[in-house]
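Heads up, start_22.cif below (mmCIF, C-alpha atoms):
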```cif
data_upload
loop_
_atom_site.group_PDB
_atom_site.id
_atom_site.type_symbol
_atom_site.label_atom_id
_atom_site.label_comp_id
_atom_site.auth_asym_id
_atom_site.auth_seq_id
_atom_site.Cartn_x
_atom_site.Cartn_y
_atom_site.Cartn_z
ATOM 1 C CA MET A 1 5.010 6.340 -20.263
ATOM 2 C CA LEU A 2 6.768 3.094 -19.304
ATOM 3 C CA HIS A 3 9.476 5.027 -17.446
ATOM 4 C CA ASN A 4 6.772 6.891 -15.492
ATOM 5 C CA ASN A 5 5.147 3.586 -14.510
ATOM 6 C CA ARG A 6 8.412 2.302 -13.070
ATOM 7 C CA TYR A 7 8.732 5.504 -11.022
ATOM 8 C CA LEU A 8 5.171 5.155 -9.727
ATOM 9 C CA LEU A 9 5.581 1.540 -8.722
ATOM 10 C CA LEU A 10 8.769 2.337 -6.873
ATOM 11 C CA ALA A 11 6.990 5.200 -5.086
ATOM 12 C CA LEU A 12 4.051 2.948 -4.203
ATOM 13 C CA LEU A 13 6.197 0.242 -2.745
ATOM 14 C CA LEU A 14 8.244 2.704 -0.729
ATOM 15 C CA ALA A 15 5.010 4.234 0.590
ATOM 16 C CA PHE A 16 4.070 1.277 2.735
ATOM 17 C CA ALA A 17 6.535 2.228 5.442
ATOM 18 C CA GLN A 18 8.368 5.321 6.492
ATOM 19 C CA PRO A 19 11.725 5.355 4.708
ATOM 20 C CA THR A 20 13.620 5.568 7.984
ATOM 21 C CA LEU A 21 11.892 2.403 9.194
ATOM 22 C CA ALA A 22 12.148 0.312 6.034
ATOM 23 C CA LEU A 23 14.833 -2.258 5.513
ATOM 24 C CA PRO A 24 17.836 -0.438 3.997
ATOM 25 C CA SER A 25 18.009 -2.974 1.179
ATOM 26 C CA ASP A 26 14.391 -2.350 0.039
ATOM 27 C CA LYS A 27 15.044 0.966 -1.709
ATOM 28 C CA ASP A 28 17.935 -0.506 -3.689
ATOM 29 C CA ALA A 29 16.080 -3.650 -4.753
ATOM 30 C CA PRO A 30 14.598 -3.914 -8.256
ATOM 31 C CA VAL A 31 10.847 -3.422 -8.743
ATOM 32 C CA GLU A 32 9.237 -6.582 -10.111
ATOM 33 C CA ILE A 33 5.756 -6.620 -11.654
ATOM 34 C CA GLU A 34 3.776 -9.671 -12.673
ATOM 35 C CA ALA A 35 0.277 -9.626 -14.163
ATOM 36 C CA ASP A 36 -1.770 -11.492 -16.720
ATOM 37 C CA SER A 37 -2.072 -8.295 -18.777
ATOM 38 C CA ALA A 38 -0.985 -4.647 -18.958
ATOM 39 C CA ASP A 39 -2.861 -1.853 -20.750
ATOM 40 C CA ILE A 40 -1.170 1.541 -21.157
ATOM 41 C CA ASP A 41 -3.623 4.224 -22.330
ATOM 42 C CA GLY A 42 -1.811 7.449 -23.184
ATOM 43 C CA ALA A 43 -5.042 9.269 -24.042
ATOM 44 C CA SER A 44 -6.443 8.852 -20.509
ATOM 45 C CA ASN A 45 -3.044 8.866 -18.743
ATOM 46 C CA THR A 46 -3.891 5.504 -17.188
ATOM 47 C CA THR A 47 -2.049 2.194 -16.907
ATOM 48 C CA THR A 48 -3.963 -0.919 -15.865
ATOM 49 C CA TYR A 49 -2.524 -4.255 -14.757
ATOM 50 C CA ARG A 50 -4.983 -7.165 -14.513
ATOM 51 C CA GLY A 51 -4.987 -10.743 -13.315
ATOM 52 C CA LYS A 52 -3.085 -11.896 -10.240
ATOM 53 C CA VAL A 53 -1.076 -8.663 -10.083
ATOM 54 C CA ARG A 54 2.034 -8.913 -7.925
ATOM 55 C CA ILE A 55 4.387 -5.992 -7.352
ATOM 56 C CA SER A 56 7.468 -6.381 -5.163
ATOM 57 C CA GLN A 57 10.609 -4.538 -4.158
ATOM 58 C CA GLY A 58 12.787 -6.057 -1.469
ATOM 59 C CA SER A 59 10.531 -6.966 1.475
ATOM 60 C CA MET A 60 7.632 -4.870 0.147
ATOM 61 C CA GLU A 61 4.832 -6.668 -1.698
ATOM 62 C CA LEU A 62 1.452 -5.748 -3.175
ATOM 63 C CA SER A 63 -1.051 -8.230 -4.604
ATOM 64 C CA ALA A 64 -4.407 -7.496 -6.224
ATOM 65 C CA ASP A 65 -6.722 -8.588 -8.987
ATOM 66 C CA THR A 66 -6.344 -5.191 -10.709
ATOM 67 C CA VAL A 67 -4.013 -2.219 -10.276
ATOM 68 C CA VAL A 68 -4.840 1.085 -12.008
ATOM 69 C CA ILE A 69 -2.302 3.913 -12.077
ATOM 70 C CA LYS A 70 -3.517 7.417 -12.990
ATOM 71 C CA PHE A 71 -1.133 10.164 -14.041
ATOM 72 C CA LYS A 72 -1.463 13.969 -13.934
ATOM 73 C CA GLY A 73 0.655 15.115 -16.811
ATOM 74 C CA ARG A 74 3.774 12.966 -16.646
ATOM 75 C CA LYS A 75 3.644 12.417 -12.880
ATOM 76 C CA PRO A 76 1.921 9.461 -11.192
ATOM 77 C CA ASP A 77 -0.979 10.705 -9.052
ATOM 78 C CA THR A 78 -3.088 7.797 -7.772
ATOM 79 C CA LEU A 79 -2.695 4.036 -7.615
ATOM 80 C CA THR A 80 -5.811 1.938 -6.997
ATOM 81 C CA ALA A 81 -5.498 -1.769 -6.206
ATOM 82 C CA THR A 82 -8.669 -3.875 -6.072
ATOM 83 C CA GLY A 83 -9.127 -7.491 -5.121
ATOM 84 C CA ASN A 84 -10.901 -9.924 -2.927
ATOM 85 C CA PRO A 85 -8.947 -8.685 -1.024
ATOM 86 C CA ALA A 86 -6.102 -6.483 -2.274
ATOM 87 C CA ARG A 87 -3.126 -6.896 0.086
ATOM 88 C CA PHE A 88 0.184 -5.307 0.950
ATOM 89 C CA ARG A 89 2.955 -6.185 3.350
ATOM 90 C CA GLN A 90 6.335 -4.769 4.235
ATOM 91 C CA LYS A 91 9.051 -5.460 6.758
ATOM 92 C CA PRO A 92 9.737 -2.119 8.483
ATOM 93 C CA GLY A 93 13.052 -3.157 10.031
ATOM 94 C CA LYS A 94 15.431 -6.027 10.519
ATOM 95 C CA ASP A 95 14.156 -6.956 13.976
ATOM 96 C CA LYS A 96 10.548 -5.886 13.473
ATOM 97 C CA GLY A 97 7.501 -7.885 12.411
ATOM 98 C CA TRP A 98 5.582 -7.391 9.191
ATOM 99 C CA VAL A 99 3.194 -4.493 8.588
ATOM 100 C CA THR A 100 0.264 -5.811 6.545
ATOM 101 C CA GLY A 101 -2.917 -4.345 5.190
ATOM 102 C CA GLN A 102 -5.843 -5.494 3.152
ATOM 103 C CA GLY A 103 -9.173 -4.348 1.825
ATOM 104 C CA LYS A 104 -11.354 -4.731 -1.223
ATOM 105 C CA THR A 105 -9.693 -1.504 -2.400
ATOM 106 C CA ILE A 106 -6.370 0.101 -1.523
ATOM 107 C CA VAL A 107 -5.854 3.627 -2.851
ATOM 108 C CA TYR A 108 -2.471 5.290 -2.611
ATOM 109 C CA ARG A 109 -2.655 9.057 -3.055
ATOM 110 C CA ILE A 110 0.915 9.794 -4.001
ATOM 111 C CA ASN A 111 0.917 13.559 -3.357
ATOM 112 C CA SER A 112 -0.640 13.262 0.108
ATOM 113 C CA GLU A 113 1.241 10.066 1.101
ATOM 114 C CA GLU A 114 -2.054 8.493 2.227
ATOM 115 C CA LEU A 115 -3.101 4.888 1.928
ATOM 116 C CA VAL A 116 -6.872 4.403 2.060
ATOM 117 C CA LEU A 117 -8.092 0.850 2.670
ATOM 118 C CA THR A 118 -11.823 0.216 2.212
ATOM 119 C CA GLY A 119 -14.129 -2.791 2.303
ATOM 120 C CA ASN A 120 -13.331 -5.051 5.260
ATOM 121 C CA ALA A 121 -10.140 -3.071 5.863
ATOM 122 C CA ILE A 122 -7.471 -4.451 8.190
ATOM 123 C CA LEU A 123 -4.098 -2.950 9.129
ATOM 124 C CA THR A 124 -1.784 -5.088 11.279
ATOM 125 C CA GLN A 125 1.668 -4.729 12.801
ATOM 126 C CA ASN A 126 3.004 -7.741 14.646
ATOM 127 C CA GLU A 127 -0.146 -9.111 16.318
ATOM 128 C CA ASP A 128 -1.862 -5.730 16.870
ATOM 129 C CA SER A 129 -4.617 -4.879 14.406
ATOM 130 C CA PHE A 130 -7.202 -2.301 13.369
ATOM 131 C CA ARG A 131 -10.392 -3.357 11.551
ATOM 132 C CA SER A 132 -13.133 -1.237 10.016
ATOM 133 C CA ASP A 133 -14.877 -0.548 6.747
ATOM 134 C CA ARG A 134 -12.388 2.287 6.054
ATOM 135 C CA ILE A 135 -8.844 2.946 7.306
ATOM 136 C CA VAL A 136 -6.757 5.964 6.299
ATOM 137 C CA TYR A 137 -3.029 5.730 6.990
ATOM 138 C CA ASP A 138 -0.747 8.740 6.536
ATOM 139 C CA ARG A 139 2.689 7.196 6.264
ATOM 140 C CA VAL A 140 4.626 10.464 6.692
ATOM 141 C CA LYS A 141 2.845 11.524 9.875
ATOM 142 C CA ALA A 142 2.445 7.890 11.027
ATOM 143 C CA ARG A 143 -1.210 8.718 11.658
ATOM 144 C CA LEU A 144 -4.033 6.224 11.367
ATOM 145 C CA LYS A 145 -7.762 6.932 11.240
ATOM 146 C CA ALA A 146 -10.433 4.263 11.189
ATOM 147 C CA GLY A 147 -14.226 4.096 11.238
ATOM 148 C CA ALA A 148 -16.042 7.432 11.597
ATOM 149 C CA ALA A 149 -12.727 9.304 11.965
ATOM 150 C CA ALA A 150 -11.881 8.074 8.450
ATOM 151 C CA GLN A 151 -15.387 8.846 7.115
ATOM 152 C CA GLY A 152 -16.355 5.206 7.437
ATOM 153 C CA SER A 153 -19.692 3.913 8.673
ATOM 154 C CA GLU A 154 -18.670 0.936 10.813
ATOM 155 C CA ARG A 155 -17.256 0.775 14.309
ATOM 156 C CA VAL A 156 -13.548 0.154 14.774
ATOM 157 C CA LYS A 157 -12.185 -3.014 16.315
ATOM 158 C CA VAL A 158 -8.683 -2.712 17.772
ATOM 159 C CA ILE A 159 -6.684 -5.593 19.199
ATOM 160 C CA ILE A 160 -3.479 -4.716 21.071
ATOM 161 C CA HIS A 161 -1.456 -7.516 22.573
ATOM 162 C CA PRO A 162 0.675 -6.889 25.672
ATOM 163 C CA GLN A 163 4.373 -6.521 24.980
ATOM 164 C CA ASP A 164 6.763 -8.969 26.547
ATOM 165 C CA ALA A 165 8.425 -7.617 29.674
ATOM 166 C CA PRO A 166 12.149 -6.827 29.226
#
```
File written out as C-alpha coordinates:
Amino acid sequence: MLHNNRYLLLALLLAFAQPTLALPSDKDAPVEIEADSADIDGASNTTTYRGKVRISQGSMELSADTVVIKFKGRKPDTLTATGNPARFRQKPGKDKGWVTGQGKTIVYRINSEELVLTGNAILTQNEDSFRSDRIVYDRVKARLKAGAAAQGSERVKVIIHPQDAP
(Lines of atoms letter the chains of each structure in order from A and count residues from 1; the text may use other names and numbers.)
(Lines give C-alpha, C1' and ligand atoms only; values in the text may rest on other atoms or scores of the structure.)
Protein backbone atom coordinates (compact mmCIF):
# COMPACT_ATOMS: atom_id res chain seq x y z
CA MET A 1 0.00 0.00 0.00
CA LEU A 2 2.84 2.42 0.76
CA HIS A 3 4.27 1.96 -2.74
CA ASN A 4 0.84 2.77 -4.22
CA ASN A 5 0.66 5.97 -2.15
CA ARG A 6 3.98 7.16 -3.54
CA TYR A 7 2.70 6.53 -7.07
CA LEU A 8 -0.50 8.46 -6.37
CA LEU A 9 1.28 11.44 -4.89
CA LEU A 10 3.61 11.61 -7.85
CA ALA A 11 0.61 11.45 -10.20
CA LEU A 12 -1.18 14.18 -8.24
CA LEU A 13 1.73 16.54 -8.31
CA LEU A 14 2.32 15.99 -12.00
CA ALA A 15 -1.38 16.66 -12.64
CA PHE A 16 -1.22 20.34 -11.84
CA ALA A 17 0.30 21.19 -15.19
CA GLN A 18 0.54 19.58 -18.56
CA PRO A 19 3.75 17.53 -18.66
CA THR A 20 5.01 19.40 -21.71
CA LEU A 21 4.65 22.69 -19.85
CA ALA A 22 6.10 21.67 -16.49
CA LEU A 23 9.66 22.37 -15.52
CA PRO A 24 11.76 19.45 -16.80
CA SER A 25 13.29 18.98 -13.36
CA ASP A 26 9.89 18.51 -11.62
CA LYS A 27 9.28 14.95 -12.81
CA ASP A 28 12.72 13.83 -11.64
CA ALA A 29 12.48 15.47 -8.22
CA PRO A 30 11.64 13.39 -5.14
CA VAL A 31 8.11 13.51 -3.71
CA GLU A 32 8.14 14.89 -0.17
CA ILE A 33 5.18 14.52 2.21
CA GLU A 34 4.80 16.16 5.59
CA ALA A 35 1.79 15.78 7.89
CA ASP A 36 1.01 15.55 11.57
CA SER A 37 -0.39 12.04 11.02
CA ALA A 38 -0.92 9.32 8.40
CA ASP A 39 -3.59 6.60 8.53
CA ILE A 40 -3.45 3.75 6.00
CA ASP A 41 -6.66 1.68 6.01
CA GLY A 42 -6.29 -1.41 3.83
CA ALA A 43 -9.87 -2.53 4.47
CA SER A 44 -11.35 0.63 2.90
CA ASN A 45 -8.48 1.20 0.42
CA THR A 46 -8.00 4.69 1.84
CA THR A 47 -4.98 6.64 3.07
CA THR A 48 -5.51 9.82 5.08
CA TYR A 49 -2.93 12.48 5.92
CA ARG A 50 -3.95 15.06 8.54
CA GLY A 51 -2.58 18.25 10.02
CA LYS A 52 -0.71 20.84 7.98
CA VAL A 53 -0.28 18.44 5.05
CA ARG A 54 2.39 19.53 2.58
CA ILE A 55 3.22 17.56 -0.56
CA SER A 56 5.92 18.77 -2.94
CA GLN A 57 7.86 17.65 -5.98
CA GLY A 58 10.17 20.14 -7.64
CA SER A 59 8.20 23.36 -8.18
CA MET A 60 4.85 21.65 -7.53
CA GLU A 61 3.29 22.05 -4.08
CA LEU A 62 0.02 21.10 -2.40
CA SER A 63 -1.04 22.18 1.09
CA ALA A 64 -4.19 21.23 2.98
CA ASP A 65 -5.52 20.40 6.41
CA THR A 66 -6.42 16.87 5.25
CA VAL A 67 -5.61 14.77 2.18
CA VAL A 68 -7.56 11.54 1.55
CA ILE A 69 -6.46 9.13 -1.17
CA LYS A 70 -8.92 6.45 -2.33
CA PHE A 71 -7.82 3.40 -4.28
CA LYS A 72 -9.73 1.10 -6.66
CA GLY A 73 -7.99 -2.20 -6.26
CA ARG A 74 -4.29 -1.36 -6.18
CA LYS A 75 -4.59 1.79 -8.31
CA PRO A 76 -5.08 5.30 -6.90
CA ASP A 77 -8.45 6.68 -8.03
CA THR A 78 -9.27 9.95 -6.24
CA LEU A 79 -7.35 12.41 -4.09
CA THR A 80 -9.34 14.87 -1.99
CA ALA A 81 -7.59 17.78 -0.27
CA THR A 82 -9.57 19.91 2.18
CA GLY A 83 -8.56 23.04 4.02
CA ASN A 84 -9.38 26.60 4.78
CA PRO A 85 -8.35 26.78 1.97
CA ALA A 86 -6.57 23.84 0.33
CA ARG A 87 -3.98 25.20 -2.12
CA PHE A 88 -1.76 24.11 -4.97
CA ARG A 89 0.85 25.85 -7.07
CA GLN A 90 3.20 24.86 -9.84
CA LYS A 91 5.66 26.58 -12.12
CA PRO A 92 4.69 25.55 -15.67
CA GLY A 93 7.94 26.65 -17.30
CA LYS A 94 11.24 28.35 -16.70
CA ASP A 95 10.10 31.76 -17.94
CA LYS A 96 6.46 31.47 -16.92
CA GLY A 97 4.67 32.63 -13.78
CA TRP A 98 3.08 30.35 -11.21
CA VAL A 99 -0.22 28.55 -11.75
CA THR A 100 -2.08 28.52 -8.43
CA GLY A 101 -5.42 27.26 -7.25
CA GLN A 102 -7.35 27.12 -4.04
CA GLY A 103 -10.68 26.12 -2.62
CA LYS A 104 -12.16 24.59 0.49
CA THR A 105 -11.89 21.30 -1.41
CA ILE A 106 -9.67 20.20 -4.28
CA VAL A 107 -10.54 16.84 -5.83
CA TYR A 108 -8.22 15.22 -8.33
CA ARG A 109 -9.92 12.50 -10.37
CA ILE A 110 -6.91 10.58 -11.56
CA ASN A 111 -8.56 8.62 -14.39
CA SER A 112 -10.22 11.68 -15.93
CA GLU A 113 -7.29 14.07 -15.27
CA GLU A 114 -9.72 16.62 -13.78
CA LEU A 115 -9.11 18.95 -10.88
CA VAL A 116 -12.32 20.16 -9.23
CA LEU A 117 -11.99 23.16 -6.91
CA THR A 118 -15.03 24.02 -4.79
CA GLY A 119 -15.85 26.52 -2.06
CA ASN A 120 -14.51 29.98 -2.90
CA ALA A 121 -12.53 28.46 -5.78
CA ILE A 122 -9.80 30.50 -7.47
CA LEU A 123 -7.50 29.50 -10.33
CA THR A 124 -4.75 31.96 -11.29
CA GLN A 125 -1.95 32.12 -13.84
CA ASN A 126 0.32 35.13 -13.67
CA GLU A 127 -2.13 37.91 -12.72
CA ASP A 128 -5.15 36.50 -14.60
CA SER A 129 -7.73 34.73 -12.44
CA PHE A 130 -11.03 32.85 -12.41
CA ARG A 131 -13.26 32.88 -9.31
CA SER A 132 -16.45 30.97 -8.60
CA ASP A 133 -17.96 28.49 -6.18
CA ARG A 134 -16.83 25.63 -8.47
CA ILE A 135 -14.05 25.37 -11.07
CA VAL A 136 -13.33 22.24 -13.11
CA TYR A 137 -9.95 22.10 -14.84
CA ASP A 138 -9.11 19.34 -17.32
CA ARG A 139 -5.34 19.41 -17.45
CA VAL A 140 -5.01 17.20 -20.56
CA LYS A 141 -7.41 19.23 -22.70
CA ALA A 142 -6.37 22.51 -21.00
CA ARG A 143 -10.08 23.21 -20.57
CA LEU A 144 -11.54 25.21 -17.71
CA LYS A 145 -15.18 25.45 -16.66
CA ALA A 146 -16.46 27.70 -13.92
CA GLY A 147 -19.81 28.65 -12.41
CA ALA A 148 -22.89 27.15 -14.09
CA ALA A 149 -20.73 25.51 -16.78
CA ALA A 150 -19.07 23.54 -13.96
CA GLN A 151 -22.41 22.81 -12.23
CA GLY A 152 -21.78 25.60 -9.76
CA SER A 153 -24.38 28.05 -8.50
CA GLU A 154 -22.44 31.33 -8.42
CA ARG A 155 -21.48 33.69 -11.20
CA VAL A 156 -17.93 33.65 -12.52
CA LYS A 157 -15.54 36.53 -12.05
CA VAL A 158 -12.67 36.66 -14.54
CA ILE A 159 -9.81 39.14 -14.42
CA ILE A 160 -7.50 39.27 -17.45
CA HIS A 161 -4.66 41.75 -17.44
CA PRO A 162 -3.34 43.16 -20.72
CA GLN A 163 -0.09 41.63 -21.89
CA ASP A 164 2.92 43.86 -22.29
CA ALA A 165 3.51 44.92 -25.88
CA PRO A 166 6.58 43.29 -27.49
Check your understanding: Quick one: of A:Ala146, A:Val116, A:Leu62, A:Ile159, who's nearest to Gln90 in chain A, counting all atoms listed in the file?
Key ->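 Using all atoms listed in the file, Gln90 in chain A sits closest to A:Leu62.
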Exercise for review: Please evaluate the PyMOL selection byres ((chain A and resi 55) around 7) against the structure above and give the resulting residues as a VMD selection string.
Suggested key: chain A and resid 32 to 34 53 to 54 56 61 to 63
Review point. In Å, how far is it from CA of Val67 in chain A to CA of Tyr49 in chain A?
Key: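 Between CA of Val67 in chain A and CA of Tyr49 in chain A the gap works out to 5.1 Å.
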**Study point:** Close residues, Lys72 in chain A itself excluded, 10 Å, all atoms listed in the file, min 6 positions apart in chain, as an MDAnalysis selection string
**Key:** chainID A and resid 44:46 78
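The interatomic distance for the pair CA of Gly58 in chain A and CA of Ala29 in chain A works out to 5.2 Å.
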Check your understanding: CA of Leu79 in chain A and CA of Ala148 in chain A, how far apart in Å?
Key ->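 Here the two named atoms are 23.6 Å from each other.
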Practice item. Given the file shown, enumerate the residues that the PyMOL selection byres ((chain A and resi 77) around 9) captures and present them as number ranges by chain. Key: A: 8, 69-72, 75-76, 78-79, 108-111
**Study point:** Residues matched by the PyMOL selection byres ((chain A and resi 50) around 10) as a VMD selection string
**Key:** chain A and resid 34 to 39 48 to 49 51 to 54 64 to 68 81 to 82
**Study point:** Nearest to Val156 in chain A, chosen from A:Asp28, A:Ala121, A:Asp128, A:Asp138, with only C-alpha atoms counted in the distances
**Key:**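 Of A:Asp28, A:Ala121, A:Asp128, A:Asp138, the one nearest Val156 in chain A, counting only C-alpha atoms, is A:Ala121.
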Practice item. Could you check which of A:Gln57, A:Thr118, A:Thr47, A:Thr105 is closest to Val136 in chain A, using all atoms listed in the file? Key: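 Nearest candidate to Val136 in chain A out of A:Gln57, A:Thr118, A:Thr47, A:Thr105: A:Thr118.
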Check your understanding: Which one of A:Arg87, A:Lys145, A:Lys96, A:Lys104 sits closest to Gln125 in chain A if you count all atoms listed in the file?
Key ->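 Looking at the shortest contact to Gln125 in chain A, the residue is A:Lys96.
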Check your understanding: Which is closest to Gly73 in chain A among A:Ile160, A:Gly42, A:Thr124, A:Glu114, if we use only C-alpha atoms?
Key -> A:Gly42
Excluding Thr100 in chain A and its own-chain neighbours fewer than 2 positions away, which residues fall within 6 Å of it when counting all atoms listed in the file? Please give them as a short mmCIF file (atom, residue, chain, number, x, y, z; two decimals) with C-alpha atoms, in the coordinates of the input.
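Saved the output as around.cif:
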```cif
data_model
loop_
_atom_site.label_atom_id
_atom_site.label_comp_id
_atom_site.auth_asym_id
_atom_site.auth_seq_id
_atom_site.Cartn_x
_atom_site.Cartn_y
_atom_site.Cartn_z
CA PHE A 88 0.18 -5.31 0.95
CA ARG A 89 2.96 -6.18 3.35
CA LEU A 123 -4.10 -2.95 9.13
CA THR A 124 -1.78 -5.09 11.28
#
```
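The smallest atom-to-atom distance between Phe130 in chain A and any of A:Gly83, A:Gly97, A:Gly103, A:Pro162, using only C-alpha atoms, is found for A:Gly103.
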